Every structure is written in structure tokens, then in C-alpha cells.
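Chemist: Contents of target-v7.pdb (PDB, C-alpha atoms and all ligand atoms) are below:
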MODEL        1
ATOM      1  CA  MET A   1     -62.236  63.253  -0.413
ATOM      2  CA  PRO A   2     -63.784  65.359  -3.258
ATOM      3  CA  PHE A   3     -66.200  63.645  -5.577
ATOM      4  CA  PHE A   4     -64.335  64.651  -8.718
ATOM      5  CA  PRO A   5     -60.646  64.495  -7.844
ATOM      6  CA  ARG A   6     -58.793  67.319  -9.551
ATOM      7  CA  LYS A   7     -55.972  66.509 -11.869
ATOM      8  CA  PRO A   8     -52.630  67.358 -10.353
ATOM      9  CA  ARG A   9     -51.327  70.671 -11.728
ATOM     10  CA  TYR A  10     -47.858  69.418 -12.320
ATOM     11  CA  THR A  11     -46.456  66.869 -14.681
ATOM     12  CA  ILE A  12     -44.457  63.974 -13.498
ATOM     13  CA  VAL A  13     -41.234  63.578 -15.377
ATOM     14  CA  LYS A  14     -39.898  60.098 -15.237
ATOM     15  CA  VAL A  15     -36.156  60.162 -14.811
ATOM     16  CA  ALA A  16     -34.217  57.190 -15.986
ATOM     17  CA  LYS A  17     -31.749  55.967 -13.426
ATOM     18  CA  LYS A  18     -28.602  58.071 -13.700
ATOM     19  CA  ARG A  19     -25.763  56.086 -15.080
ATOM     20  CA  ASP A  20     -22.415  56.492 -13.397
ATOM     21  CA  ILE A  21     -19.963  58.332 -15.615
ATOM     22  CA  PRO A  22     -16.443  57.384 -14.656
ATOM     23  CA  GLU A  23     -14.485  60.489 -13.707
ATOM     24  CA  ASP A  24     -11.539  59.629 -15.896
ATOM     25  CA  LEU A  25     -13.686  59.694 -19.054
ATOM     26  CA  TRP A  26     -13.422  63.458 -19.441
ATOM     27  CA  GLY A  27     -10.611  65.900 -18.852
ATOM     28  CA  LYS A  28     -10.263  69.657 -19.016
ATOM     29  CA  CYS A  29      -7.722  71.500 -21.159
ATOM     30  CA  GLU A  30      -5.333  73.581 -19.008
ATOM     31  CA  GLU A  31      -5.082  76.203 -21.731
ATOM     32  CA  CYS A  32      -8.598  76.732 -23.176
ATOM     33  CA  HIS A  33     -10.564  75.018 -20.344
ATOM     34  CA  GLU A  34     -12.554  73.002 -22.895
ATOM     35  CA  LEU A  35     -13.918  69.626 -21.757
ATOM     36  CA  ILE A  36     -12.281  66.879 -23.786
ATOM     37  CA  TYR A  37     -13.240  63.244 -24.086
ATOM     38  CA  ASN A  38     -10.146  61.426 -22.799
ATOM     39  CA  LYS A  39     -10.260  58.768 -25.500
ATOM     40  CA  LYS A  40     -10.259  61.489 -28.136
ATOM     41  CA  LEU A  41      -7.344  63.184 -26.358
ATOM     42  CA  ASP A  42      -5.375  59.912 -26.430
ATOM     43  CA  GLU A  43      -6.143  59.401 -30.117
ATOM     44  CA  ASN A  44      -4.852  62.916 -30.742
ATOM     45  CA  LEU A  45      -1.531  62.073 -28.967
ATOM     46  CA  ARG A  46      -2.711  64.046 -25.928
ATOM     47  CA  VAL A  47      -2.941  67.325 -27.832
ATOM     48  CA  CYS A  48      -6.064  69.462 -27.270
ATOM     49  CA  PRO A  49      -8.176  69.231 -30.462
ATOM     50  CA  LYS A  50      -9.554  72.714 -29.817
ATOM     51  CA  CYS A  51      -6.459  74.860 -29.027
ATOM     52  CA  ASN A  52      -3.492  72.610 -29.820
ATOM     53  CA  PHE A  53      -2.197  72.622 -26.218
ATOM     54  CA  HIS A  54       0.228  69.731 -25.730
ATOM     55  CA  PHE A  55      -0.528  67.817 -22.522
ATOM     56  CA  THR A  56       2.384  66.190 -20.708
ATOM     57  CA  LEU A  57       3.338  62.647 -21.650
ATOM     58  CA  GLY A  58       4.905  59.991 -19.425
ATOM     59  CA  ALA A  59       8.461  58.898 -20.265
ATOM     60  CA  TYR A  60       7.468  55.532 -21.742
ATOM     61  CA  GLU A  61       4.592  57.049 -23.756
ATOM     62  CA  ARG A  62       7.092  59.498 -25.234
ATOM     63  CA  ILE A  63       9.568  56.739 -26.054
ATOM     64  CA  LYS A  64       6.791  54.743 -27.743
ATOM     65  CA  LEU A  65       5.880  57.787 -29.792
ATOM     66  CA  LEU A  66       9.432  58.524 -30.947
ATOM     67  CA  LEU A  67      11.201  55.182 -31.335
ATOM     68  CA  ASP A  68      10.553  52.351 -33.777
ATOM     69  CA  ASP A  69       8.508  49.542 -32.208
ATOM     70  CA  GLY A  70      10.517  47.006 -30.251
ATOM     71  CA  THR A  71      13.874  48.802 -30.613
ATOM     72  CA  PHE A  72      14.143  50.391 -27.151
ATOM     73  CA  LYS A  73      16.751  48.898 -24.831
ATOM     74  CA  GLU A  74      16.643  50.578 -21.436
ATOM     75  CA  MET A  75      19.858  51.474 -19.597
ATOM     76  CA  ASP A  76      20.206  51.396 -15.799
ATOM     77  CA  PRO A  77      16.544  50.617 -15.073
ATOM     78  CA  ALA A  78      17.274  49.686 -11.462
ATOM     79  CA  LEU A  79      19.101  52.830 -10.275
ATOM     80  CA  GLU A  80      17.263  54.323  -7.307
ATOM     81  CA  SER A  81      17.839  57.434  -5.224
ATOM     82  CA  LEU A  82      19.375  57.314  -1.787
ATOM     83  CA  ASP A  83      18.531  59.887   0.828
ATOM     84  CA  PRO A  84      21.930  61.529   1.464
ATOM     85  CA  LEU A  85      20.573  64.298   3.718
ATOM     86  CA  THR A  86      17.947  62.150   5.494
ATOM     87  CA  PHE A  87      15.649  64.962   4.437
ATOM     88  CA  GLU A  88      12.573  65.650   6.503
ATOM     89  CA  GLY A  89       9.853  68.138   5.599
ATOM     90  CA  PRO A  90       6.065  67.837   5.686
ATOM     91  CA  LYS A  91       6.989  64.528   4.031
ATOM     92  CA  THR A  92      10.352  62.808   4.199
ATOM     93  CA  TYR A  93      12.268  62.327   0.950
ATOM     94  CA  LYS A  94      11.911  58.559   1.327
ATOM     95  CA  GLU A  95       8.122  58.854   1.597
ATOM     96  CA  LYS A  96       7.996  61.172  -1.402
ATOM     97  CA  LEU A  97      10.089  58.760  -3.501
ATOM     98  CA  LYS A  98       7.928  55.810  -2.518
ATOM     99  CA  LYS A  99       4.704  57.670  -3.300
ATOM    100  CA  ASP A 100       5.865  58.811  -6.740
ATOM    101  CA  GLN A 101       7.268  55.389  -7.573
ATOM    102  CA  GLU A 102       3.851  53.876  -6.866
ATOM    103  CA  LEU A 103       2.026  56.636  -8.732
ATOM    104  CA  THR A 104       4.136  56.520 -11.900
ATOM    105  CA  ASN A 105       5.491  52.962 -11.913
ATOM    106  CA  LEU A 106       8.920  54.512 -12.461
ATOM    107  CA  LYS A 107      12.008  54.109 -10.287
ATOM    108  CA  GLU A 108      13.155  57.651 -10.988
ATOM    109  CA  ALA A 109      12.290  60.798 -12.964
ATOM    110  CA  VAL A 110      14.265  59.836 -16.072
ATOM    111  CA  VAL A 111      14.269  56.872 -18.428
ATOM    112  CA  THR A 112      17.332  56.369 -20.652
ATOM    113  CA  GLY A 113      18.338  53.864 -23.281
ATOM    114  CA  GLU A 114      19.078  53.121 -26.899
ATOM    115  CA  GLY A 115      16.739  52.633 -29.816
ATOM    116  CA  LYS A 116      16.022  53.567 -33.400
ATOM    117  CA  ILE A 117      14.167  56.382 -35.128
ATOM    118  CA  ASN A 118      13.066  55.308 -38.612
ATOM    119  CA  GLY A 119      15.943  52.832 -38.596
ATOM    120  CA  ARG A 120      18.595  55.293 -37.328
ATOM    121  CA  PRO A 121      20.209  54.357 -33.997
ATOM    122  CA  VAL A 122      20.026  56.938 -31.199
ATOM    123  CA  VAL A 123      20.687  57.228 -27.484
ATOM    124  CA  ILE A 124      17.675  58.738 -25.734
ATOM    125  CA  GLY A 125      16.772  60.137 -22.317
ATOM    126  CA  VAL A 126      13.307  61.311 -21.281
ATOM    127  CA  THR A 127      12.432  63.053 -18.032
ATOM    128  CA  ASP A 128       8.973  62.533 -16.568
ATOM    129  CA  SER A 129       7.330  65.534 -14.909
ATOM    130  CA  ARG A 130       5.015  63.327 -12.827
ATOM    131  CA  PHE A 131       7.949  62.070 -10.704
ATOM    132  CA  ILE A 132       8.878  64.794  -8.154
ATOM    133  CA  MET A 133       8.216  67.299 -10.959
ATOM    134  CA  GLY A 134      10.849  65.682 -13.172
ATOM    135  CA  SER A 135      13.510  67.222 -10.953
ATOM    136  CA  MET A 136      17.170  66.214 -11.155
ATOM    137  CA  GLY A 137      18.668  64.390  -8.195
ATOM    138  CA  SER A 138      21.817  62.242  -8.243
ATOM    139  CA  VAL A 139      20.149  59.373 -10.108
ATOM    140  CA  VAL A 140      18.686  61.563 -12.867
ATOM    141  CA  GLY A 141      22.081  63.239 -13.308
ATOM    142  CA  GLU A 142      23.939  59.917 -13.269
ATOM    143  CA  LYS A 143      21.586  58.186 -15.744
ATOM    144  CA  LEU A 144      21.752  61.125 -18.154
ATOM    145  CA  THR A 145      25.541  61.294 -17.856
ATOM    146  CA  ARG A 146      25.831  57.563 -18.627
ATOM    147  CA  ALA A 147      23.539  58.074 -21.647
ATOM    148  CA  ILE A 148      25.752  60.931 -22.861
ATOM    149  CA  GLU A 149      28.836  58.713 -22.400
ATOM    150  CA  ARG A 150      27.103  55.934 -24.354
ATOM    151  CA  ALA A 151      26.517  58.406 -27.179
ATOM    152  CA  ILE A 152      30.247  59.245 -27.145
ATOM    153  CA  GLU A 153      31.230  55.537 -27.200
ATOM    154  CA  THR A 154      28.799  54.462 -29.916
ATOM    155  CA  ARG A 155      28.993  57.727 -31.897
ATOM    156  CA  HIS A 156      25.206  57.698 -32.091
ATOM    157  CA  PRO A 157      23.206  60.927 -31.843
ATOM    158  CA  LEU A 158      21.806  61.824 -28.437
ATOM    159  CA  ILE A 159      18.248  63.026 -27.884
ATOM    160  CA  ILE A 160      17.023  64.214 -24.496
ATOM    161  CA  VAL A 161      13.352  65.059 -24.093
ATOM    162  CA  SER A 162      12.797  67.262 -21.047
ATOM    163  CA  GLY A 163       9.543  67.663 -19.170
ATOM    164  CA  SER A 164      10.523  69.018 -15.788
ATOM    165  CA  GLY A 165       8.701  71.640 -13.746
ATOM    166  CA  GLY A 166      11.258  71.183 -10.979
ATOM    167  CA  GLY A 167      14.956  71.829 -11.469
ATOM    168  CA  ALA A 168      17.609  70.561  -9.130
ATOM    169  CA  ARG A 169      15.969  68.370  -6.488
ATOM    170  CA  MET A 170      16.021  70.243  -3.181
ATOM    171  CA  TYR A 171      15.703  67.015  -1.176
ATOM    172  CA  GLU A 172      19.298  66.223  -2.168
ATOM    173  CA  GLY A 173      20.728  69.709  -1.609
ATOM    174  CA  MET A 174      24.132  70.251  -3.183
ATOM    175  CA  PHE A 175      24.258  66.661  -4.476
ATOM    176  CA  SER A 176      21.533  67.647  -6.926
ATOM    177  CA  LEU A 177      23.174  70.967  -7.818
ATOM    178  CA  MET A 178      26.322  69.070  -8.780
ATOM    179  CA  GLN A 179      24.336  67.170 -11.409
ATOM    180  CA  MET A 180      23.959  70.392 -13.379
ATOM    181  CA  ALA A 181      27.734  70.658 -13.701
ATOM    182  CA  LYS A 182      28.156  66.915 -14.256
ATOM    183  CA  THR A 183      25.664  66.650 -17.148
ATOM    184  CA  SER A 184      27.003  69.864 -18.712
ATOM    185  CA  ALA A 185      30.609  68.643 -18.520
ATOM    186  CA  ALA A 186      29.627  65.309 -20.120
ATOM    187  CA  LEU A 187      27.888  67.196 -22.941
ATOM    188  CA  SER A 188      30.990  69.240 -23.506
ATOM    189  CA  ARG A 189      32.955  65.961 -23.927
ATOM    190  CA  LEU A 190      30.299  64.798 -26.420
ATOM    191  CA  ASP A 191      30.715  68.050 -28.311
ATOM    192  CA  ARG A 192      34.513  67.710 -28.425
ATOM    193  CA  ALA A 193      34.095  64.144 -29.721
ATOM    194  CA  GLY A 194      31.991  65.532 -32.584
ATOM    195  CA  GLY A 195      28.688  64.108 -31.318
ATOM    196  CA  LEU A 196      25.223  65.492 -32.009
ATOM    197  CA  PHE A 197      22.830  66.415 -29.201
ATOM    198  CA  ILE A 198      19.226  67.353 -29.933
ATOM    199  CA  SER A 199      17.380  68.767 -26.934
ATOM    200  CA  VAL A 200      13.585  68.529 -27.067
ATOM    201  CA  LEU A 201      11.746  70.796 -24.627
ATOM    202  CA  THR A 202       8.198  70.009 -23.563
ATOM    203  CA  ASN A 203       5.800  71.642 -21.130
ATOM    204  CA  PRO A 204       7.220  72.493 -18.608
ATOM    205  CA  THR A 205      11.039  72.733 -18.788
ATOM    206  CA  MET A 206      12.233  74.975 -15.972
ATOM    207  CA  ALA A 207      14.934  75.863 -13.473
ATOM    208  CA  GLY A 208      18.012  73.672 -13.033
ATOM    209  CA  ILE A 209      17.029  71.435 -15.965
ATOM    210  CA  MET A 210      16.839  74.401 -18.339
ATOM    211  CA  ALA A 211      19.931  75.934 -16.728
ATOM    212  CA  SER A 212      21.977  72.823 -17.537
ATOM    213  CA  PHE A 213      21.643  70.080 -20.183
ATOM    214  CA  ALA A 214      18.283  71.135 -21.689
ATOM    215  CA  SER A 215      19.641  74.413 -23.044
ATOM    216  CA  LEU A 216      22.891  72.900 -24.370
ATOM    217  CA  GLY A 217      21.542  71.162 -27.480
ATOM    218  CA  ASP A 218      23.236  71.602 -30.833
ATOM    219  CA  LEU A 219      19.626  71.877 -31.882
ATOM    220  CA  ILE A 220      16.865  72.875 -29.491
ATOM    221  CA  ILE A 221      13.335  71.908 -30.463
ATOM    222  CA  ALA A 222      10.219  72.700 -28.447
ATOM    223  CA  GLU A 223       6.626  71.568 -28.505
ATOM    224  CA  PRO A 224       4.067  74.371 -29.057
ATOM    225  CA  LYS A 225       2.997  76.526 -26.092
ATOM    226  CA  ALA A 226       5.420  74.857 -23.668
ATOM    227  CA  LEU A 227       6.490  76.823 -20.590
ATOM    228  CA  ILE A 228      10.281  77.088 -20.748
ATOM    229  CA  GLY A 229      12.477  79.190 -18.476
ATOM    230  CA  PHE A 230      14.369  79.419 -15.242
ATOM    231  CA  THR A 231      12.094  81.030 -12.640
ATOM    232  CA  GLY A 232       8.320  80.974 -13.083
ATOM    233  CA  PRO A 233       6.630  84.120 -14.500
ATOM    234  CA  ARG A 234       4.790  84.917 -11.253
ATOM    235  CA  VAL A 235       7.993  85.051  -9.197
ATOM    236  CA  ILE A 236       9.700  87.229 -11.806
ATOM    237  CA  GLU A 237       6.754  89.656 -11.831
ATOM    238  CA  GLN A 238       6.851  89.897  -8.053
ATOM    239  CA  THR A 239      10.600  90.504  -8.088
ATOM    240  CA  ILE A 240      10.823  93.110 -10.831
ATOM    241  CA  ARG A 241       7.375  94.589 -10.021
ATOM    242  CA  GLN A 242       6.531  94.826 -13.699
ATOM    243  CA  LYS A 243       4.013  93.119 -15.924
ATOM    244  CA  LEU A 244       5.659  90.613 -18.268
ATOM    245  CA  PRO A 245       4.921  90.712 -22.014
ATOM    246  CA  PRO A 246       2.210  88.331 -23.234
ATOM    247  CA  GLY A 247       3.382  84.805 -23.972
ATOM    248  CA  PHE A 248       6.603  85.334 -21.954
ATOM    249  CA  GLN A 249       8.495  82.016 -21.489
ATOM    250  CA  LYS A 250       6.321  80.186 -24.014
ATOM    251  CA  SER A 251       7.914  78.317 -26.947
ATOM    252  CA  GLU A 252       6.658  80.845 -29.510
ATOM    253  CA  PHE A 253       8.138  83.808 -27.572
ATOM    254  CA  LEU A 254      11.461  81.988 -27.160
ATOM    255  CA  LEU A 255      11.622  81.090 -30.846
ATOM    256  CA  ASN A 256      11.149  84.764 -31.735
ATOM    257  CA  HIS A 257      13.940  85.702 -29.325
ATOM    258  CA  GLY A 258      16.385  83.090 -30.604
ATOM    259  CA  LEU A 259      16.602  80.758 -27.601
ATOM    260  CA  ILE A 260      15.174  77.761 -29.460
ATOM    261  CA  ASP A 261      15.576  76.681 -33.078
ATOM    262  CA  MET A 262      12.192  75.294 -33.992
ATOM    263  CA  ILE A 263       8.731  74.464 -32.721
ATOM    264  CA  VAL A 264       7.442  71.086 -33.765
ATOM    265  CA  HIS A 265       3.976  69.617 -33.273
ATOM    266  CA  ARG A 266       3.956  66.288 -31.457
ATOM    267  CA  LYS A 267       2.496  64.580 -34.534
ATOM    268  CA  SER A 268       5.543  65.480 -36.639
ATOM    269  CA  MET A 269       8.209  65.144 -33.921
ATOM    270  CA  LYS A 270       9.447  61.686 -34.945
ATOM    271  CA  ASP A 271       9.654  62.544 -38.658
ATOM    272  CA  THR A 272      11.355  65.871 -37.935
ATOM    273  CA  LEU A 273      13.953  64.175 -35.714
ATOM    274  CA  SER A 274      14.477  61.526 -38.370
ATOM    275  CA  LYS A 275      15.026  64.183 -41.030
ATOM    276  CA  LEU A 276      17.474  66.100 -38.815
ATOM    277  CA  LEU A 277      19.374  62.887 -38.043
ATOM    278  CA  SER A 278      19.736  62.195 -41.757
ATOM    279  CA  TYR A 279      21.930  65.329 -42.070
ATOM    280  CA  PHE A 280      24.291  64.043 -39.391
TER     281      PHE A 280
HETATM  282 ZN    ZN A 301      -7.322  73.441 -25.279
ENDMDL
END
For the file at hand, write its structure as C-alpha cells.
Ligand SMILES: [Zn+2]
Modeler:
Amino acid sequence: MPFFPRKPRYTIVKVAKKRDIPEDLWGKCEECHELIYNKKLDENLRVCPKCNFHFTLGAYERIKLLLDDGTFKEMDPALESLDPLTFEGPKTYKEKLKKDQELTNLKEAVVTGEGKINGRPVVIGVTDSRFIMGSMGSVVGEKLTRAIERAIETRHPLIIVSGSGGGARMYEGMFSLMQMAKTSAALSRLDRAGGLFISVLTNPTMAGIMASFASLGDLIIAEPKALIGFTGPRVIEQTIRQKLPPGFQKSEFLLNHGLIDMIVHRKSMKDTLSKLLSYF
């Protein structure tokens, strides 16, 4: 051992014990890839503070946002899908239903009922894109049709908020395709009875949903930057072997081309609906 021990040539940095940061504290914006503090995102109604991208909302969150407190009365909360084809894939339809029911606490991909918007009674339906991509099987079609019929009976305006990346639900084959015709026919009866239907499109509204009730509104409103269309842009590009124009199938593009009537920020959605209802 040397007589004069040399000082070590490095410095010791004391590191405080790393605290565990729960993973659900931060999220990433799909559009601008910015990290966002989840609490801040919730306070901002799940709209990205940086780029205004509207994140998806669950059906009950949406209802809470649009209807007056304590006015929502749900219709047909217990309706559940059967498995008419005894469908088997990598997962059976039954397994898929069970998994998504546990994940979302919903029985099916749509919630319907009656409530009030700034004191005005409405019938409302909201699809939830977390449940088998918000796709339309027999139960979704049946619940929406009953809601439309309720709007005819009560003569109250009908609002359907769509958030569905999937269209007709392939697990139910032609039973799900028939729901497109069924909901459309019911809406035509509502129209003949002089009823009002406002369709609200959120990210994403695609395929059989867009090809049936979602595009049949007397007024069609969309949230900003929502993907709205029939087939996804990638598939179209592969099919036509051409590059699509920028912003193709986004709300802003569709407003410019006349498919939708207005784009409304989530913060003003309730007041805009209320104002529109006052003209009815
Ligand atoms: Zn963003």
C-alpha cells in the first residue's frame, strides 16, 4: 500500500434511488408523437394540447361530455351478442367478446339511451371503438334501430356518435351485413316521420359504419383530424397504385369536398349540438 494514497481520479455521483414512474402517467400523441402527461390530457378532454389531435373516447365518457348530468337513461343495457356462425379463427368469437367485455366493461360496442342536452331531450347512440373496433354485429344494429324507433315515437332528435375502425363485424358474416340495411331503413322511416338525425363522426369512422347510418345524417359533424372513409388509405393506394393527396380521408379534406357539414372541436360539441337542436 503506498504511503500517500492517491486521490481517485473519478468523482462519485450519488444517485438517489430511482422512483417508479407508473407507465400510465404519460402517453404519446398518435399524430405529433409528443409525450403528454395523462392528467393534462384528461383535463383537456383527451385532446392533444400541442397539435389538437382528438384521442378516442369511451362511450360513457362521450355521453358524460354531451348530456346534462344525471339525465341519461340507458336503453337495452343487457343485450349481448350470440355466436350465430360458431366462428373460429385464431380466437373464437366467444373468446373475443369475453375479452373485450372485460377490457371495456361494456356488453357491446354501442351504448344507447335518452337524455338531455342543455335541457333539450334527445335520443343518443354512441359506438365505442375499443370493443371489437366498434364494429356492427346484430346487437349494435338492433340497439341502434331501437334508438331510431324511439326517436320516431317520442319525436325527439336523434344523435349518433360514431367511433368505429371496424365496419360490419366479420364474426357474424351476413347477419352483420344485414344491420347496414336495417339501420338505414329505420333512418329512412325517421326521415319520413319528419325526425332530425345528427351524425357525429369521430376518429375513426370507417367501412360498414360509414357506408350505412353514419353517412345518413341530416347534419354530419366531425371532430378535427378524424379518419373517415370506407377502405383505409393504404389499401386504396395499393389497389389504385397511386399516391393519395395529403390529408385524404381526414375531416378537413372531407369538409372541403362536401361530404360533411362542419368540423367541431370537442370542447364546443355540446354547445354546437344544443344550438343546432334549437332550430329544430
Ligand atoms: Zn399531438
Chemist: Extract, using only C-alpha atoms, all DNA, RNA and protein residues at most 8 Å from Glu80 in chain A, discarding same-chain residues fewer than 2 positions from it, and format them as a PyMOL selection string.
Modeler: chain A and resi 78+82+107-108+139
Chemist: Please give me, as a PDB file with C-alpha atoms, in the frame of the given file, the residues lying within 8 Å of ligand ZN 301 (chain A) when counting only C-alpha atoms and all ligand atoms.
Modeler:
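Written out: selection_34.pdb:
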ATOM      1  CA  LYS A  28     -10.263  69.657 -19.016  1.00  0.00           C
ATOM      2  CA  CYS A  29      -7.722  71.500 -21.159  1.00  0.00           C
ATOM      3  CA  GLU A  30      -5.333  73.581 -19.008  1.00  0.00           C
ATOM      4  CA  GLU A  31      -5.082  76.203 -21.731  1.00  0.00           C
ATOM      5  CA  CYS A  32      -8.598  76.732 -23.176  1.00  0.00           C
ATOM      6  CA  HIS A  33     -10.564  75.018 -20.344  1.00  0.00           C
ATOM      7  CA  GLU A  34     -12.554  73.002 -22.895  1.00  0.00           C
ATOM      8  CA  VAL A  47      -2.941  67.325 -27.832  1.00  0.00           C
ATOM      9  CA  CYS A  48      -6.064  69.462 -27.270  1.00  0.00           C
ATOM     10  CA  PRO A  49      -8.176  69.231 -30.462  1.00  0.00           C
ATOM     11  CA  LYS A  50      -9.554  72.714 -29.817  1.00  0.00           C
ATOM     12  CA  CYS A  51      -6.459  74.860 -29.027  1.00  0.00           C
ATOM     13  CA  ASN A  52      -3.492  72.610 -29.820  1.00  0.00           C
ATOM     14  CA  PHE A  53      -2.197  72.622 -26.218  1.00  0.00           C
TER      15      PHE A  53
END
Chemist: Between A:Met210, A:Ile221, A:Ile132, A:Val161, single out the one closest to Gln101 in chain A, counting all atoms listed in the file.
Modeler: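 Between A:Met210, A:Ile221, A:Ile132, A:Val161, the residue approaching Gln101 in chain A most closely is A:Ile132.
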Chemist: Can you list, as a list in words, every protein, DNA or RNA residue that comes within 10 Å of Gly194 in chain A when you count all atoms listed in the file, leaving out same-chain residues fewer than 6 positions away?
Modeler: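 Listed by chain and then number, they are Ile152, Arg155, Pro157 and Ser188 of chain A.
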Chemist: How close does each residue of range 27-79 of chain A get to range 162-185 of chain A, giving the shortest atom pair and distance in Å to one decimal for every residue with an atom at most 10 Å away, counting only C-alpha atoms, sorted by chain and residue number, as CSV?
Modeler:
residue,atom,partner,partner_atom,distance
A:Thr56,CA,A:Gly163,CA,7.5
A:Leu57,CA,A:Gly163,CA,8.4
A:Gly58,CA,A:Gly163,CA,9.0
A:Ala59,CA,A:Gly163,CA,8.9
Chemist: Record the distance separating CA of Leu273 in chain A and CA of Gly217 in chain A, expressed in Å with one decimal.
Modeler: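 These two atoms are separated by 13.2 Å.
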Chemist: Can you write out as a tab-separated table which residues of range 104-208 of chain A fall within 12 Å of range 256-269 of chain A, alongside each residue's closest atom pair and its distance in Å to one decimal, counting all atoms listed in the file and ordering rows by chain and ascending residue number?
Modeler:
residue	atom	partner	partner_atom	distance
A:Ile117	CA	A:Met269	CA	10.7
A:Asn118	CA	A:Met269	CA	11.9
A:Ile159	CA	A:Met269	CA	11.9
A:Val161	CA	A:Met269	CA	11.1
A:Ile198	CA	A:Asp261	CA	10.5
A:Ser199	CA	A:Ile260	CA	9.6
A:Val200	CA	A:Met269	CA	9.3
A:Leu201	CA	A:Ile260	CA	9.1
A:Thr202	CA	A:Arg266	CA	9.7
A:Asn203	CA	A:Arg266	CA	11.8
Chemist: Hey, which of A:Glu61, A:Glu74, A:Asp42, A:Asp218 ends up closest to Gly115 in chain A? Count only C-alpha atoms.
Modeler: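 The shortest atom-to-atom distance to Gly115 in chain A comes from A:Glu74.
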Chemist: Could you list, as a PyMOL selection string, every residue matched by the PyMOL selection byres (((chain A and resi 231-236) around 12) and not hetatm) in this structure?
Modeler: chain A and resi 165-167+204-211+227-230+237-250
Chemist: CA of Lys40 in chain A and CA of Val126 in chain A are how many Å apart?
Modeler: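 CA of Lys40 in chain A sits 24.5 Å away from CA of Val126 in chain A.
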Chemist: I'd like the interatomic distance between CA of Lys143 in chain A and CA of Phe55 in chain A, to a tenth of an Å.
Modeler: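 Interatomic distance here is 25.1 Å.
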Chemist: Pick the closest to Leu255 in chain A from A:Glu114, A:Glu149, A:Glu223, A:Asp271: which is it, counting only C-alpha atoms?
Modeler: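 Closest residue, counting only C-alpha atoms: A:Glu223.
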Chemist: If the PyMOL selection byres (((chain A and resi 98) around 12) and not hetatm) were run on this exact file, what residues would it hold? Put them as a ChimeraX atom specification.
Modeler: /A:80-83,91-97,99-108,131-132
Chemist: Give me the residues near Phe280 in chain A as a list in words, where near means some atom within 8 Å (using all atoms listed in the file) and where sequence neighbours in that chain fewer than 3 positions away do not count.
Modeler: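 With the cut-off at 8 Å, the set is Leu196, Leu276 and Leu277 of chain A.
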Chemist: Tell me which of A:Arg150, A:Lys116, A:Arg130, A:His156 sits closest to Lys270 in chain A, counting all atoms listed in the file.
Modeler: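 So, comparing all the options, the nearest one is A:Lys116.
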Chemist: What are the centre and the three edge lengths of an axis-aligned box that wraps all atoms of range 71-78 of chain A in the file, given that 6 Å is added to every side, written as lines of an AutoDock Vina configuration file and rounded to one decimal in Å?
Modeler:
center_x = 17.0
center_y = 50.1
center_z = -21.0
size_x = 18.3
size_y = 14.7
size_z = 31.2
Chemist: I need the residue nearest Leu187 in chain A from this list: A:Thr145, A:Tyr279, A:Leu219, A:Ala226. Use only C-alpha atoms for the distance.
Modeler: A:Thr145
Chemist: Complete the atoms of range 225-242 of chain A to N, CA and C atoms and put them out as an mmCIF file, keeping the file's coordinate frame.
Modeler:
data_model
loop_
_atom_site.group_PDB
_atom_site.id
_atom_site.type_symbol
_atom_site.label_atom_id
_atom_site.label_comp_id
_atom_site.auth_asym_id
_atom_site.auth_seq_id
_atom_site.Cartn_x
_atom_site.Cartn_y
_atom_site.Cartn_z
ATOM 1 N N LYS A 225 3.580 75.986 -27.323
ATOM 2 C CA LYS A 225 2.997 76.526 -26.092
ATOM 3 C C LYS A 225 3.593 75.968 -24.794
ATOM 4 N N ALA A 226 4.810 75.413 -24.885
ATOM 5 C CA ALA A 226 5.420 74.857 -23.668
ATOM 6 C C ALA A 226 5.988 76.002 -22.824
ATOM 7 N N LEU A 227 5.884 75.852 -21.501
ATOM 8 C CA LEU A 227 6.490 76.823 -20.590
ATOM 9 C C LEU A 227 7.965 76.442 -20.416
ATOM 10 N N ILE A 228 8.845 77.363 -20.776
ATOM 11 C CA ILE A 228 10.281 77.088 -20.748
ATOM 12 C C ILE A 228 10.986 78.288 -20.116
ATOM 13 N N GLY A 229 11.788 78.053 -19.083
ATOM 14 C CA GLY A 229 12.477 79.190 -18.476
ATOM 15 C C GLY A 229 13.248 78.776 -17.255
ATOM 16 N N PHE A 230 13.667 79.746 -16.475
ATOM 17 C CA PHE A 230 14.369 79.419 -15.242
ATOM 18 C C PHE A 230 13.400 79.570 -14.068
ATOM 19 N N THR A 231 13.061 80.799 -13.721
ATOM 20 C CA THR A 231 12.094 81.030 -12.640
ATOM 21 C C THR A 231 10.721 81.243 -13.261
ATOM 22 N N GLY A 232 9.679 80.820 -12.570
ATOM 23 C CA GLY A 232 8.320 80.974 -13.083
ATOM 24 C C GLY A 232 7.934 82.441 -13.259
ATOM 25 N N PRO A 233 7.006 82.737 -14.195
ATOM 26 C CA PRO A 233 6.630 84.120 -14.500
ATOM 27 C C PRO A 233 6.093 84.890 -13.289
ATOM 28 N N ARG A 234 5.378 84.211 -12.408
ATOM 29 C CA ARG A 234 4.790 84.917 -11.253
ATOM 30 C C ARG A 234 5.882 85.461 -10.327
ATOM 31 N N VAL A 235 6.895 84.633 -10.084
ATOM 32 C CA VAL A 235 7.993 85.051 -9.197
ATOM 33 C C VAL A 235 8.760 86.220 -9.817
ATOM 34 N N ILE A 236 8.972 86.141 -11.138
ATOM 35 C CA ILE A 236 9.700 87.229 -11.806
ATOM 36 C C ILE A 236 8.904 88.536 -11.682
ATOM 37 N N GLU A 237 7.594 88.456 -11.926
ATOM 38 C CA GLU A 237 6.754 89.656 -11.831
ATOM 39 C C GLU A 237 6.815 90.271 -10.439
ATOM 40 N N GLN A 238 6.787 89.389 -9.430
ATOM 41 C CA GLN A 238 6.851 89.897 -8.053
ATOM 42 C C GLN A 238 8.200 90.553 -7.770
ATOM 43 N N THR A 239 9.263 89.991 -8.357
ATOM 44 C CA THR A 239 10.600 90.504 -8.088
ATOM 45 C C THR A 239 10.848 91.831 -8.792
ATOM 46 N N ILE A 240 10.511 91.882 -10.089
ATOM 47 C CA ILE A 240 10.823 93.110 -10.831
ATOM 48 C C ILE A 240 9.678 94.127 -10.760
ATOM 49 N N ARG A 241 8.570 93.741 -10.151
ATOM 50 C CA ARG A 241 7.375 94.589 -10.021
ATOM 51 C C ARG A 241 6.958 95.204 -11.353
ATOM 52 N N GLN A 242 6.986 94.385 -12.374
ATOM 53 C CA GLN A 242 6.531 94.826 -13.699
ATOM 54 C C GLN A 242 5.726 93.716 -14.324
#
